[in-house]
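Q: I am sharing coords.cif, which consists of mmCIF, C-alpha atoms and all ligand atoms:
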data_upload
#
loop_
_atom_site.label_atom_id
_atom_site.label_comp_id
_atom_site.auth_asym_id
_atom_site.auth_seq_id
_atom_site.Cartn_x
_atom_site.Cartn_y
_atom_site.Cartn_z
CA MET A 746 -79.57 26.69 -17.24
CA ASP A 747 -78.66 24.68 -14.10
CA TYR A 748 -76.71 21.45 -14.40
CA LEU A 749 -76.76 19.06 -11.45
CA ALA A 750 -75.20 15.61 -11.18
CA PRO A 751 -76.53 14.03 -7.97
CA ALA A 752 -74.99 10.79 -6.67
CA THR A 753 -78.20 9.31 -5.24
CA LEU A 754 -81.76 8.81 -6.44
CA GLU A 755 -83.11 10.76 -3.45
CA ASP A 756 -81.05 13.82 -4.46
CA ALA A 757 -82.15 13.39 -8.08
CA TYR A 758 -85.84 13.34 -7.06
CA ARG A 759 -85.30 16.54 -5.07
CA ALA A 760 -83.46 18.19 -7.98
CA LEU A 761 -86.33 17.30 -10.35
CA GLU A 762 -88.85 19.18 -8.21
CA ALA A 763 -87.68 22.46 -9.77
CA GLU A 764 -89.80 24.06 -12.49
CA ASP A 765 -88.97 22.71 -15.95
CA ALA A 766 -86.25 20.28 -14.76
CA ARG A 767 -85.35 17.27 -16.94
CA CYS A 768 -83.28 14.12 -16.54
CA LEU A 769 -80.21 13.81 -18.72
CA ALA A 770 -79.12 10.23 -19.47
CA GLY A 771 -77.00 9.63 -22.60
CA GLY A 772 -78.07 12.94 -24.17
CA GLN A 773 -78.47 11.31 -27.59
CA SER A 774 -82.05 12.49 -28.00
CA LEU A 775 -82.29 15.31 -25.45
CA VAL A 776 -79.20 17.24 -26.55
CA ALA A 777 -80.29 16.91 -30.19
CA MET A 778 -83.71 18.36 -29.26
CA MET A 779 -82.03 21.19 -27.34
CA ASN A 780 -79.75 21.94 -30.29
CA LEU A 781 -82.81 22.18 -32.54
CA GLY A 782 -84.50 24.54 -30.05
CA LEU A 783 -87.37 22.07 -29.52
CA VAL A 784 -86.88 22.07 -25.73
CA SER A 785 -84.94 24.33 -23.40
CA PRO A 786 -85.05 22.94 -19.85
CA ALA A 787 -84.28 25.31 -16.98
CA ARG A 788 -82.39 22.51 -15.20
CA LEU A 789 -80.66 19.34 -16.36
CA VAL A 790 -80.32 16.55 -13.80
CA SER A 791 -77.64 14.11 -14.98
CA LEU A 792 -78.22 10.49 -13.93
CA ARG A 793 -74.67 9.34 -14.71
CA ARG A 794 -73.33 9.26 -11.15
CA ILE A 795 -76.22 7.26 -9.69
CA GLU A 796 -74.97 3.74 -8.97
CA ALA A 797 -78.52 2.42 -8.29
CA LEU A 798 -79.36 2.93 -12.00
CA ARG A 799 -76.62 0.57 -13.19
CA GLY A 800 -76.19 -3.18 -13.52
CA ILE A 801 -77.92 -6.18 -15.05
CA GLU A 802 -79.06 -8.58 -12.31
CA PRO A 803 -80.98 -11.87 -12.52
CA GLN A 804 -83.77 -11.85 -9.92
CA ALA A 805 -84.84 -14.72 -7.67
CA GLU A 806 -88.15 -15.32 -9.53
CA GLY A 807 -86.36 -15.75 -12.90
CA SER A 808 -86.69 -12.25 -14.32
CA LEU A 809 -83.80 -9.98 -15.28
CA ARG A 810 -83.46 -6.45 -13.87
CA ILE A 811 -81.69 -4.01 -16.17
CA GLY A 812 -80.66 -0.66 -14.67
CA ALA A 813 -81.96 2.36 -16.59
CA MET A 814 -78.44 3.74 -17.26
CA THR A 815 -77.34 0.56 -19.05
CA THR A 816 -76.08 1.69 -22.44
CA HIS A 817 -77.04 0.27 -25.83
CA ALA A 818 -73.40 -0.85 -26.20
CA GLU A 819 -73.50 -2.79 -22.92
CA LEU A 820 -76.67 -4.59 -24.07
CA ALA A 821 -75.30 -5.20 -27.58
CA GLU A 822 -72.11 -6.68 -26.18
CA LEU A 823 -73.73 -9.10 -23.71
CA LYS A 824 -71.83 -12.36 -23.86
CA HIS A 825 -74.14 -15.41 -23.95
CA PRO A 826 -77.34 -13.44 -23.23
CA SER A 827 -80.05 -15.37 -21.40
CA ALA A 828 -83.27 -16.15 -23.29
CA GLU A 829 -84.81 -13.08 -21.58
CA ALA A 830 -81.98 -10.76 -22.64
CA SER A 831 -81.56 -12.18 -26.14
CA LEU A 832 -84.30 -10.09 -27.79
CA LEU A 833 -82.98 -6.92 -26.20
CA GLU A 834 -79.43 -7.75 -27.25
CA GLN A 835 -80.58 -8.28 -30.86
CA ALA A 836 -82.34 -4.89 -30.79
CA ALA A 837 -79.41 -3.07 -29.12
CA ARG A 838 -77.03 -4.27 -31.85
CA VAL A 839 -79.05 -2.40 -34.51
CA VAL A 840 -79.62 0.86 -32.60
CA ALA A 841 -77.84 3.61 -34.54
CA TYR A 842 -74.04 3.19 -34.69
CA PRO A 843 -71.21 2.77 -32.14
CA ALA A 844 -70.96 6.43 -30.99
CA VAL A 845 -74.70 6.61 -30.18
CA ARG A 846 -74.64 3.13 -28.61
CA ALA A 847 -71.77 4.15 -26.34
CA TRP A 848 -73.82 6.99 -24.81
CA GLY A 849 -77.50 6.18 -25.27
CA THR A 850 -79.26 4.28 -22.48
CA ILE A 851 -82.23 1.97 -22.24
CA GLY A 852 -83.88 4.25 -19.67
CA GLY A 853 -83.50 7.26 -21.95
CA SER A 854 -84.90 5.41 -24.94
CA VAL A 855 -87.88 4.12 -22.96
CA ALA A 856 -88.64 7.57 -21.48
CA HIS A 857 -88.31 9.20 -24.92
CA ALA A 858 -90.79 6.70 -26.48
CA ASP A 859 -90.01 7.37 -30.14
CA PRO A 860 -92.43 5.20 -32.18
CA ALA A 861 -89.53 4.29 -34.51
CA ALA A 862 -87.17 3.24 -31.68
CA ASP A 863 -86.02 -0.33 -31.20
CA TYR A 864 -86.67 -1.08 -27.52
CA PRO A 865 -90.38 -0.24 -27.05
CA VAL A 866 -91.51 -3.01 -29.44
CA VAL A 867 -89.18 -5.54 -27.83
CA LEU A 868 -90.30 -4.61 -24.31
CA VAL A 869 -94.00 -4.88 -25.18
CA ALA A 870 -93.31 -8.26 -26.86
CA ALA A 871 -91.47 -9.47 -23.76
CA ARG A 872 -94.20 -8.22 -21.38
CA ALA A 873 -91.49 -6.24 -19.61
CA ILE A 874 -92.20 -4.17 -16.52
CA ILE A 875 -90.93 -0.61 -16.34
CA GLU A 876 -89.77 0.31 -12.81
CA VAL A 877 -90.36 3.99 -12.09
CA GLY A 878 -89.27 5.91 -8.99
CA SER A 879 -90.03 9.25 -7.37
CA ALA A 880 -89.93 10.79 -3.92
CA ALA A 881 -93.36 9.18 -3.39
CA GLY A 882 -92.05 5.63 -3.94
CA THR A 883 -91.74 3.02 -6.71
CA ARG A 884 -94.29 2.02 -9.37
CA HIS A 885 -94.14 -0.97 -11.71
CA ILE A 886 -95.89 -0.44 -15.05
CA VAL A 887 -96.31 -3.08 -17.76
CA ALA A 888 -94.67 -1.91 -21.00
CA GLU A 889 -97.97 -2.11 -22.90
CA ASP A 890 -99.47 0.50 -20.53
CA PHE A 891 -96.25 2.53 -20.19
CA PHE A 892 -96.09 3.45 -23.90
CA ARG A 893 -99.13 5.64 -24.55
CA GLY A 894 -98.51 7.18 -27.99
CA PHE A 895 -96.13 9.45 -29.93
CA PHE A 896 -93.32 10.30 -27.49
CA GLU A 897 -95.87 9.82 -24.72
CA THR A 898 -95.51 7.59 -21.67
CA ALA A 899 -97.12 6.95 -18.29
CA LEU A 900 -94.28 8.88 -16.57
CA ALA A 901 -95.50 11.66 -14.26
CA LYS A 902 -93.54 14.85 -13.51
CA GLY A 903 -90.52 14.14 -11.33
CA GLU A 904 -90.50 10.38 -12.00
CA ILE A 905 -87.38 8.56 -13.13
CA VAL A 906 -87.27 5.24 -15.01
CA THR A 907 -85.04 3.28 -12.64
CA ALA A 908 -84.98 -0.17 -14.29
CA ILE A 909 -86.56 -2.56 -16.76
CA HIS A 910 -87.65 -6.04 -15.63
CA LEU A 911 -87.71 -8.77 -18.26
CA PRO A 912 -89.84 -11.77 -17.24
CA ALA A 913 -88.57 -15.28 -17.95
CA VAL A 914 -89.16 -16.39 -21.54
CA PRO A 915 -91.31 -19.56 -21.85
CA LYS A 916 -89.00 -22.59 -22.03
CA GLY A 917 -87.99 -23.44 -25.59
CA ALA A 918 -89.58 -20.31 -27.13
CA ARG A 919 -87.39 -18.77 -29.82
CA THR A 920 -86.91 -15.02 -29.90
CA ASN A 921 -86.20 -12.92 -32.97
CA TYR A 922 -86.04 -9.22 -33.85
CA GLN A 923 -86.16 -7.86 -37.39
CA LYS A 924 -85.82 -4.20 -38.30
CA LEU A 925 -86.39 -2.54 -41.65
CA SER A 926 -84.66 0.83 -42.11
CA LEU A 927 -83.58 2.95 -45.07
CA VAL A 928 -79.89 2.52 -44.21
CA ALA A 929 -78.14 0.53 -41.49
CA GLY A 930 -78.10 2.53 -38.25
CA ASP A 931 -81.22 4.54 -39.01
CA PHE A 932 -84.45 4.42 -37.01
CA ALA A 933 -86.92 1.72 -38.07
CA ILE A 934 -89.51 2.09 -40.81
CA LEU A 935 -90.96 -1.06 -39.28
CA SER A 936 -89.72 -3.55 -36.72
CA VAL A 937 -91.02 -6.92 -35.59
CA ALA A 938 -90.26 -8.81 -32.37
CA ALA A 939 -91.30 -12.44 -31.97
CA ILE A 940 -91.31 -14.68 -28.90
CA GLY A 941 -92.44 -18.13 -29.98
CA ASN A 942 -95.58 -17.50 -32.07
CA GLU A 943 -96.36 -14.12 -30.51
CA VAL A 944 -95.54 -11.18 -32.77
CA THR A 945 -95.38 -7.46 -31.88
CA VAL A 946 -94.87 -4.68 -34.41
CA GLY A 947 -93.07 -1.34 -33.99
CA GLY A 948 -93.05 1.72 -36.26
CA TYR A 949 -96.50 0.87 -37.65
CA GLY A 950 -98.53 3.06 -35.30
CA PRO A 951 -97.72 5.63 -32.59
CA LYS A 952 -96.83 2.82 -30.16
CA PRO A 953 -96.04 -0.89 -30.43
CA VAL A 954 -98.98 -3.06 -31.40
CA ARG A 955 -99.56 -6.80 -31.10
CA MET A 956 -100.07 -8.52 -34.46
CA GLU A 957 -103.61 -9.64 -33.57
CA ASP A 958 -104.60 -5.96 -33.13
CA ILE A 959 -102.88 -4.67 -36.29
CA THR A 960 -106.10 -4.34 -38.35
CA ARG A 961 -107.38 -1.76 -35.83
CA ILE A 962 -104.41 0.56 -36.58
CA ASP A 963 -103.91 2.98 -39.48
CA PRO A 964 -100.24 2.73 -40.45
CA LEU A 965 -98.06 5.83 -40.04
CA SER A 966 -97.13 7.89 -43.08
CA ASP A 967 -93.98 9.96 -42.55
CA HIS A 968 -90.65 11.02 -44.06
CA ARG A 969 -89.40 7.41 -43.89
CA ALA A 970 -92.27 5.65 -45.67
CA SER A 971 -95.90 5.93 -46.70
CA ALA A 972 -98.72 4.08 -44.95
CA ALA A 973 -99.22 1.99 -48.10
CA TYR A 974 -95.56 0.92 -48.07
CA ARG A 975 -95.72 -0.06 -44.39
CA ARG A 976 -98.91 -2.08 -44.99
CA ARG A 977 -97.30 -3.81 -47.95
CA VAL A 978 -93.96 -4.81 -46.41
CA LEU A 979 -95.26 -5.86 -42.97
CA PRO A 980 -96.22 -9.46 -43.96
CA GLU A 981 -92.73 -10.08 -45.39
CA LEU A 982 -91.01 -8.71 -42.27
CA VAL A 983 -93.23 -10.89 -40.08
CA ARG A 984 -92.42 -13.90 -42.27
CA ARG A 985 -88.68 -13.27 -41.91
CA CYS A 986 -89.00 -12.80 -38.17
CA THR A 987 -91.01 -15.94 -37.53
CA SER A 988 -89.23 -18.26 -40.00
CA HIS A 989 -85.80 -17.96 -38.32
C1 LIG B 1001 -77.97 9.69 -34.94
C2 LIG B 1001 -78.89 8.93 -34.02
C3 LIG B 1001 -79.43 7.73 -34.45
C4 LIG B 1001 -80.28 7.02 -33.61
N1 LIG B 1001 -80.79 5.83 -34.05
C5 LIG B 1001 -81.59 5.11 -33.24
C6 LIG B 1001 -82.10 3.83 -33.65
O1 LIG B 1001 -81.80 3.33 -34.74
N2 LIG B 1001 -82.93 3.17 -32.81
C7 LIG B 1001 -83.26 3.69 -31.57
O2 LIG B 1001 -84.01 3.03 -30.85
N3 LIG B 1001 -82.78 4.87 -31.16
C8 LIG B 1001 -81.95 5.58 -31.96
N4 LIG B 1001 -81.46 6.80 -31.51
C9 LIG B 1001 -81.88 7.31 -30.19
C10 LIG B 1001 -80.94 6.78 -29.11
O3 LIG B 1001 -81.24 5.43 -28.90
C11 LIG B 1001 -81.05 7.56 -27.79
O4 LIG B 1001 -79.97 7.13 -27.04
C12 LIG B 1001 -82.28 7.31 -26.96
O5 LIG B 1001 -83.48 7.56 -27.64
C13 LIG B 1001 -82.29 8.24 -25.73
O6 LIG B 1001 -81.45 7.73 -24.77
P1 LIG B 1001 -80.47 8.69 -23.98
O7 LIG B 1001 -79.91 7.86 -22.86
O8 LIG B 1001 -79.51 9.29 -24.91
O9 LIG B 1001 -81.49 9.75 -23.33
P2 LIG B 1001 -81.45 11.34 -23.30
O10 LIG B 1001 -81.27 11.88 -24.66
O11 LIG B 1001 -80.51 11.80 -22.25
O12 LIG B 1001 -82.94 11.62 -22.79
C14 LIG B 1001 -84.06 11.41 -23.64
C15 LIG B 1001 -85.34 11.79 -22.89
O13 LIG B 1001 -85.61 10.87 -21.84
C16 LIG B 1001 -85.58 11.51 -20.55
N5 LIG B 1001 -84.88 10.56 -19.67
C17 LIG B 1001 -83.65 10.02 -19.86
N6 LIG B 1001 -83.40 9.08 -18.95
C18 LIG B 1001 -84.50 9.02 -18.15
C19 LIG B 1001 -84.85 8.22 -17.03
N7 LIG B 1001 -84.05 7.24 -16.57
N8 LIG B 1001 -86.05 8.44 -16.45
C20 LIG B 1001 -86.91 9.39 -16.94
N9 LIG B 1001 -86.63 10.16 -18.00
C21 LIG B 1001 -85.44 9.97 -18.61
C22 LIG B 1001 -84.86 12.83 -20.77
O14 LIG B 1001 -85.30 13.80 -19.83
C23 LIG B 1001 -85.27 13.15 -22.19
O15 LIG B 1001 -86.57 13.70 -22.20
C24 LIG B 1001 -80.60 7.52 -32.32
C25 LIG B 1001 -80.04 8.73 -31.88
C26 LIG B 1001 -79.18 9.43 -32.70
C27 LIG B 1001 -78.56 10.69 -32.21
#
So, in terms of structure tokens, how does the structure I just supplied come out?

A:
Amino acid sequence: MDYLAPATLEDAYRALEAEDARCLAGGQSLVAMMNLGLVSPARLVSLRRIEALRGIEPQAEGSLRIGAMTTHAELAELKHPSAEASLLEQAARVVAYPAVRAWGTIGGSVAHADPAADYPVVLVAARAIIEVGSAAGTRHIVAEDFFRGFFETALAKGEIVTAIHLPAVPKGARTNYQKLSLVAGDFAILSVAAIGNEVTVGGYGPKPVRMEDITRIDPLSDHRASAAYRRRVLPELVRRCTSH
């Protein structure tokens, strides 16, 4: 297996043109999958040296741009997060435990699209835009369209998630994130993100779903919980999330 660590996005795009090449971000999901023999890429392209994938920058029109290589720990430790960043900071604090948070990145989590992960639900709730780059240029995809299903996204071969854009939160709207898991630090059985009165649910179906569409979804049944359990506890989790 090849291992490349380019310093620029252009070099990374070139490196990803090879057959069966994959980005490596924090390695917290990819290395685990490799260890289990679920994937065996011919080439790993590390994104760690690419400066353009770092940083959290307010933008002129009021949104916040978060570089894809921002770690969960950096988001969890934001001092005085803006209203836009607050929901993400709440979610980052309950991703796994410190060792995973030190390595795992928002770009990696978004690209991995685990239905039980913490960020997808928050990003759909926030109407975030996923910035995606390739040798052909940059695309901006709304989170709701980016997450397509179980570990499935709108990313095409050779594309890199370069940043996440969080639009300004409506003035005065409160944000809250609630996660239900078997033990602290585990993936979610269910999670709920609220901005004002708008509620989005994660872990219920293969991708985040807005509360008004929940009746169209059959809840997941997996090793964490049955469909009946998810259906039963959802109203209480929504109540906790919206009554704070
Ligand atoms: C023990 C444990 C507990 C965990 N608990 C939780 C939890 O409670 N909640 C939660 O949300 N997550 C949890 N995770 C997952 C963790 O958040 C991972 O960090 C995350 O899913 C992947 O991020 P990464 O940076 O490590 O990506 P990697 O593992 O490096 O990559 C994951 C996938 O994304 C691709 N990729 C990475 N970066 C990019 C990019 N910028 N553009 C395009 N493709 C890219 C890779 O090619 C790979 O396919 C846990 C992980 C572990 C090991």

Q: Which residue, A:Ala763, A:Ile801, A:Ala929, A:Ile962, has the smallest gap to Pro786 in chain A when you use only C-alpha atoms?

A: A:Ala763

Q: Measuring atom to atom with all atoms listed in the file, identify which of A:Gly849, A:Pro865, A:Pro803, A:Gly782 is nearest to Pro912 in chain A.

A: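 The shortest atom-to-atom distance to Pro912 in chain A comes from A:Pro803.
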
Q: Go through A:Val946, A:Ala837, A:Ala757, A:Ala871 and flag the residue nearest Glu904 in chain A, using all atoms listed in the file for the distances.

A: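 Under the stated criterion, the closest residue is A:Ala757.
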
Q: Would you name the residues within 6 Å of ligand LIG 1001 (chain B), counting all atoms listed in the file, and put them as a tab-separated table (two decimals) with C-alpha atoms, in the coordinates of the input?

A:
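Final output, saved to part-v4.tsv:
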chain	number	residue	atom	x	y	z
A	767	ARG	CA	-85.35	17.27	-16.94
A	768	CYS	CA	-83.28	14.12	-16.54
A	769	LEU	CA	-80.21	13.81	-18.72
A	770	ALA	CA	-79.12	10.23	-19.47
A	771	GLY	CA	-77.00	9.63	-22.60
A	772	GLY	CA	-78.07	12.94	-24.17
A	773	GLN	CA	-78.47	11.31	-27.59
A	774	SER	CA	-82.05	12.49	-28.00
A	775	LEU	CA	-82.29	15.31	-25.45
A	813	ALA	CA	-81.96	2.36	-16.59
A	840	VAL	CA	-79.62	0.86	-32.60
A	841	ALA	CA	-77.84	3.61	-34.54
A	845	VAL	CA	-74.70	6.61	-30.18
A	849	GLY	CA	-77.50	6.18	-25.27
A	850	THR	CA	-79.26	4.28	-22.48
A	852	GLY	CA	-83.88	4.25	-19.67
A	853	GLY	CA	-83.50	7.26	-21.95
A	854	SER	CA	-84.90	5.41	-24.94
A	856	ALA	CA	-88.64	7.57	-21.48
A	857	HIS	CA	-88.31	9.20	-24.92
A	862	ALA	CA	-87.17	3.24	-31.68
A	863	ASP	CA	-86.02	-0.33	-31.20
A	864	TYR	CA	-86.67	-1.08	-27.52
A	905	ILE	CA	-87.38	8.56	-13.13
A	906	VAL	CA	-87.27	5.24	-15.01
A	907	THR	CA	-85.04	3.28	-12.64
A	930	GLY	CA	-78.10	2.53	-38.25
A	931	ASP	CA	-81.22	4.54	-39.01
A	932	PHE	CA	-84.45	4.42	-37.01

Q: Which residue is closest to Ala972 in chain A? Choose from A:Gly807, A:Pro860, A:Pro826, A:Gly948 and count all atoms listed in the file.

A: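 Between A:Gly807, A:Pro860, A:Pro826, A:Gly948, the residue approaching Ala972 in chain A most closely is A:Gly948.
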
Q: Could you jot down the CA of Asn921 in chain A to CA of Leu868 in chain A separation for me, Å, one decimal place?

A: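 Between these atoms lies a distance of 12.7 Å.
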
Q: Which residue gives the smallest distance to Val928 in chain A among A:Ile875, A:Ile909, A:Ile851, A:Val839, with all atoms listed in the file counted?

A: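 Result for the nearest residue to Val928 in chain A: A:Val839.
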
Q: As a list in words, please: the residues near His968 in chain A (cut-off 12 Å, all atoms listed in the file, same-chain neighbours under 3 positions excluded).

A: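 Here the qualifying residues turn out to be Ala861, Ser926, Leu927, Phe932, Ala933, Ile934, Leu965, Ser971, Ala972 and Tyr974 of chain A.
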
Q: Of the residues A:Leu925, A:Leu900, A:Met746, A:Ala970, which is the one nearest to Val855 in chain A, using all atoms listed in the file?

A: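 Of A:Leu925, A:Leu900, A:Met746, A:Ala970, the one nearest Val855 in chain A, counting all atoms listed in the file, is A:Leu900.
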
Q: Can you tell me, as JSON, the centre and edge lengths (Å, one decimal) of the axis-aligned box enclosing all of range 777-788 of chain A's listed atoms after padding each side by 6 Å?

A:
{"center_x": -83.6, "center_y": 21.1, "center_z": -23.9, "size_x": 19.6, "size_y": 20.4, "size_z": 29.3}

Q: For CA of Arg794 in chain A and CA of Gln835 in chain A, quote the distance in Å rounded to one decimal.

A: 27.4 Å

Q: What does the distance between CA of Ala777 in chain A and CA of Gly800 in chain A come to in Å, to one decimal place?

A: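 That distance, rounded to one decimal, is 26.4 Å.
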
Q: Counting all atoms listed in the file, what is within 8 Å of range 935-941 of chain A, bar same-chain residues fewer than 6 positions away, as a short mmCIF file (atom, residue, chain, number, x, y, z; two decimals) with C-alpha atoms, in the frame of the given file?

A:
data_model
loop_
_atom_site.label_atom_id
_atom_site.label_comp_id
_atom_site.auth_asym_id
_atom_site.auth_seq_id
_atom_site.Cartn_x
_atom_site.Cartn_y
_atom_site.Cartn_z
CA LEU A 832 -84.30 -10.09 -27.79
CA ALA A 861 -89.53 4.29 -34.51
CA ASP A 863 -86.02 -0.33 -31.20
CA VAL A 866 -91.51 -3.01 -29.44
CA VAL A 867 -89.18 -5.54 -27.83
CA ALA A 870 -93.31 -8.26 -26.86
CA ALA A 871 -91.47 -9.47 -23.76
CA VAL A 914 -89.16 -16.39 -21.54
CA ALA A 918 -89.58 -20.31 -27.13
CA ARG A 919 -87.39 -18.77 -29.82
CA THR A 920 -86.91 -15.02 -29.90
CA ASN A 921 -86.20 -12.92 -32.97
CA TYR A 922 -86.04 -9.22 -33.85
CA GLN A 923 -86.16 -7.86 -37.39
CA LYS A 924 -85.82 -4.20 -38.30
CA LEU A 925 -86.39 -2.54 -41.65
CA SER A 926 -84.66 0.83 -42.11
CA GLY A 947 -93.07 -1.34 -33.99
CA GLY A 948 -93.05 1.72 -36.26
CA TYR A 949 -96.50 0.87 -37.65
CA ARG A 975 -95.72 -0.06 -44.39
CA LEU A 979 -95.26 -5.86 -42.97
CA LEU A 982 -91.01 -8.71 -42.27
CA VAL A 983 -93.23 -10.89 -40.08
CA CYS A 986 -89.00 -12.80 -38.17
CA THR A 987 -91.01 -15.94 -37.53
#
